[in-house]
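Here the structure comes first, spelled out in structure tokens, and everything after it is commentary.
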Amino acid sequence: MVTLTFPDGARREFPDGITGREVAESISKSLAKKAAAMVVDRTLADLGDRIGRDSQVEIITREDPRALDLIRHDCAHVMAEAVQALWPGTQVTIGPVIENGFYYDFFRNEPFTPEDFPAIEAKMREIVARDRPFTKEVWDRDEAKRVFREKGENFKVELVDAIPPGEPLKIYRQGDWFDLCRGPHMTSTGKVGTAFKLMKVAGAYWRGDANNPMLTRIYGTAWASQAELDAYLKQLEEAEKRDHRKLGREMDLFHFQEEAPGSVFWHAKGWTLFQELENYIRRRQTVAGYIEVNSPQLMDSSLWVASGHMEKYSEMMFLTEKREEDERRYVVKPMNCPGHVQIFKHGLKSYRDLPLRLAEFGKVHRFEPSGALHGLMRVRAFTQDDAHAFVTEEQITSECLAMNDLILSIYSDFGFDDVRIKFSDRPAQRVGADDVWDRAEASLLKALETAGRPWTLNKGEGAFYGPKLEYVLRDAIGRDWQCGTVQVDLNLPGRLGAFYIDEHSNKVTPVMIHRALFGSLERFTGILIEHYAGHFPLWLSPVQGVVATITSDADGYADQAIAAARRLGLRVEGDLRNEKINYKVREHSLAKVPVLFVIGKKEAETGTVSIRRLGSSEQSVIPLGDALAQLSDEAIAPDLRRLKQAA
């Protein structure tokens, strides 16, 4: 007999080897009918799996949020069956679940196109309607290779060979169609439902190697209900309107070009926005006790070997070649941490110097595959608002708590009040002893508990040198963006020989807390563009106002208005072109200029301006001085406004 514990705490005995389906039936027939899978000791499993030990068990239905990945996984199998039914001879390769959907890679002499989607989706609905059960079989390795080879599925033969010896080789059937798969799956194809849609096709090399055959990757999305699918498609439609690359062109902020892949060419307006963000962070962290430093762009590769980065991240690093006059190899800085340790080491440090907080707007370079580059969101050269606090072990919790409060306050200033915190603990591949990790994780968890905010566990996703907190922002259209991090590191300072003198005159290795607020300034800029749809709050807007003339009679007065605005620190430009005012209004609205001062002969004579706000057709005519005072007050950054109010 086995004892099963249920979510409500109830415990019951069952025969050894009972299946999840039988457990569901023992609870109620209605639950057994709705059941899609089960969770055994926190691991998702097939409902048909047998339970052979005392366990915590939960039966989950299709409506459970944890079933969403199963819906998508099953939908990928349904799509693969549909494709092979429509185009016999097509080889299927791999089909994982991804964020918001799934994909499957196919090998076929003629690539698939979006025009094939209606036929594939229709066939998928037929397969779903048949409601064939998913059944799992464990095959002999040689037998599996024989079957796939006879079917002409050569990629599957390779996948069988890649499965480690001793690991069971699982085959999932849905009627007559079957595939090699780790599982788990729901009970039948009918539970996939019809809330799915094929989205796009792309090329992909087999196993990501350009020397291998080119495959066609079909992407799809699937949801538990049609309402959720409709909401997702609407979100995508809205996201397309807000695409930072499109708005970046319209607002003349930046561009990219082939000669510098993954590197941003900032135009004057975009650079103004970037500097506003940088100056904001500089002010906030200065008040919080950070000292700004700058570390070299090129450092000897031996430093990166000692830090452990060369072993873990060498494929993402840019390295120089050796020259006759200098046999050393240099690394183009991919991160700031080793450089900050060198600054800490320069000169003897005492426990009285701690916490020592070093911050840097460090330009870093990392190799991202060309196919992964995506505007400002995924680049090869970016600026980190990076900082490292060197502390004693006793200071970890209080320092992490202060960082947490600072990060949440900053996000609030940008309108991000829905922020999720994830706690990422030790990964499988890591440096440092387990007892060191125990202490680091305990200190970080204590800070979370003290903060009193909800958080979720991101199992095994810590950095290789320590656990971390990840801050995930939800934007105006409901998308999540992981930005800031706090990482406790009890390993790197010791690897690089950092120490301080404690109160007993002993040398002690400091704890190093890595902290990022935005993360990448480039990426955060892209997030802001899309979050605000280009309608920045006045303090952030690259151009805060444009003085546009109706007739040339008002040019002189317009120049005076522009000069007066700039004396107040406002970023105001003039548009004195010989164009109709409606044309000027349309053009500056497209460029997302928040305020237009329209000036004609009447305004020039009366010392007034006609104000038009972005997104509004209403106008108000007020004295120039009042208009500029109003705009100047509105353009104060949130942190400076708080200081002004406190004074």
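All residue names refer to the structure tokens as shown: chains lettered A, B, ... in order, residues numbered from 1 in each chain, ligands numbered from 1 in order.
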(message) So that I can see what lies close to A:Arg357, please list as a ChimeraX atom specification the residues with an atom at most 8 Å from it, counting only C-alpha atoms and leaving out residues fewer than 2 positions away in the same chain.
(response) /A:289-291,355,359,387-390
(request) Name the residues of stretch 79-223 of chain A that come out as strand (DSSP E or B) in a backbone DSSP run; write them as an MDAnalysis selection string. (result) chainID A and resid 91:92 97:98 101:107 133:139 169:174 177:180 188 196:205 214:222
(message) If I take atom CA of A:Met335 and atom CA of A:Val364, how far is one from the other in Å, to one decimal?
(response)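 Atom CA of A:Met335 sits 5.7 Å away from atom CA of A:Val364.
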(message) Please extract the residues of stretch 256-374 of chain A with a backbone DSSP assignment of helix (DSSP H, G or I) and present them as JSON, numbers by chain.
(response) {"A": [268, 269, 270, 271, 272, 273, 274, 275, 276, 277, 278, 279, 280, 281, 282, 283, 284, 285, 286, 287, 301, 302, 303, 304, 305, 306, 307, 309, 310, 311, 312, 313, 314, 315, 316, 337, 338, 339, 340, 341, 342, 343, 344, 345, 351, 352, 353, 370, 371, 372]}
(request) Fewer than 4 positions away in the same chain doesn't count, so skip those; otherwise give me all residues within 8 Å of A:Asp46, counting only C-alpha atoms, as an NGL selection string. (result) :A and (20 or 37-38 or 183-187)
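Minimum atom-to-atom distance to A:Cys400, evaluated using only C-alpha atoms, belongs to A:His514 out of A:Arg352, A:Arg380, A:His514, A:Arg566.
The coordinates place atom CA of A:Trp266 at 22.7 Å from atom CA of A:Asp575.
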(request) Choose the residue, out of A:Ala647, A:Met299, A:Ile94, A:Val511, that has the smallest atom-to-atom separation from A:Tyr351; count only C-alpha atoms. (result) A:Val511
(message) List the spatial neighbours of A:Pro369 as a PyMOL selection string - criterion: any atom at most 12 Å away, only C-alpha atoms, same-chain residues fewer than 4 positions off excluded.
(response) chain A and resi 208-210+261-262+315-317+373-374+378-380
Dump of C-alpha atoms for the selected residues, as a short mmCIF file (atom, residue, chain, number, x, y, z; two decimals), in the first residue's frame:
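Produced file part_39.cif, reproduced below:
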```
data_model
loop_
_atom_site.label_atom_id
_atom_site.label_comp_id
_atom_site.auth_asym_id
_atom_site.auth_seq_id
_atom_site.Cartn_x
_atom_site.Cartn_y
_atom_site.Cartn_z
CA GLY A 208 21.17 25.01 -34.49
CA ASP A 209 24.19 24.11 -36.62
CA ALA A 210 24.57 25.90 -39.98
CA PRO A 261 24.97 44.27 -35.90
CA GLY A 262 23.36 44.50 -32.51
CA GLU A 315 30.92 31.51 -26.24
CA MET A 316 29.30 34.90 -25.52
CA MET A 317 32.56 36.83 -25.20
CA LEU A 373 18.87 40.19 -32.29
CA HIS A 374 15.69 42.25 -31.90
CA ARG A 378 18.26 42.04 -27.76
CA VAL A 379 21.56 43.64 -28.72
CA ARG A 380 25.28 42.85 -28.63
#
```
(request) Identify which of the residues A:Ile281, A:Leu457, A:Ala144, A:Ala564 lies closest to A:Leu640, counting only C-alpha atoms when measuring atom-to-atom distances. (result) A:Ile281
(request) Give the answer as one residue: which of A:Leu376, A:Met403, A:Ile421, A:Leu492 has the shortest atom-to-atom distance to A:Lys246, using only C-alpha atoms? (result)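 Closest residue, counting only C-alpha atoms: A:Leu376.
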(message) For a quick check of understanding, using only C-alpha atoms, which of A:Trp539, A:Phe318, A:Phe102, A:Tyr557 has the smallest distance to A:Gly569?
(response)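 When distances to A:Gly569 are compared using only C-alpha atoms, the smallest one comes from A:Trp539.
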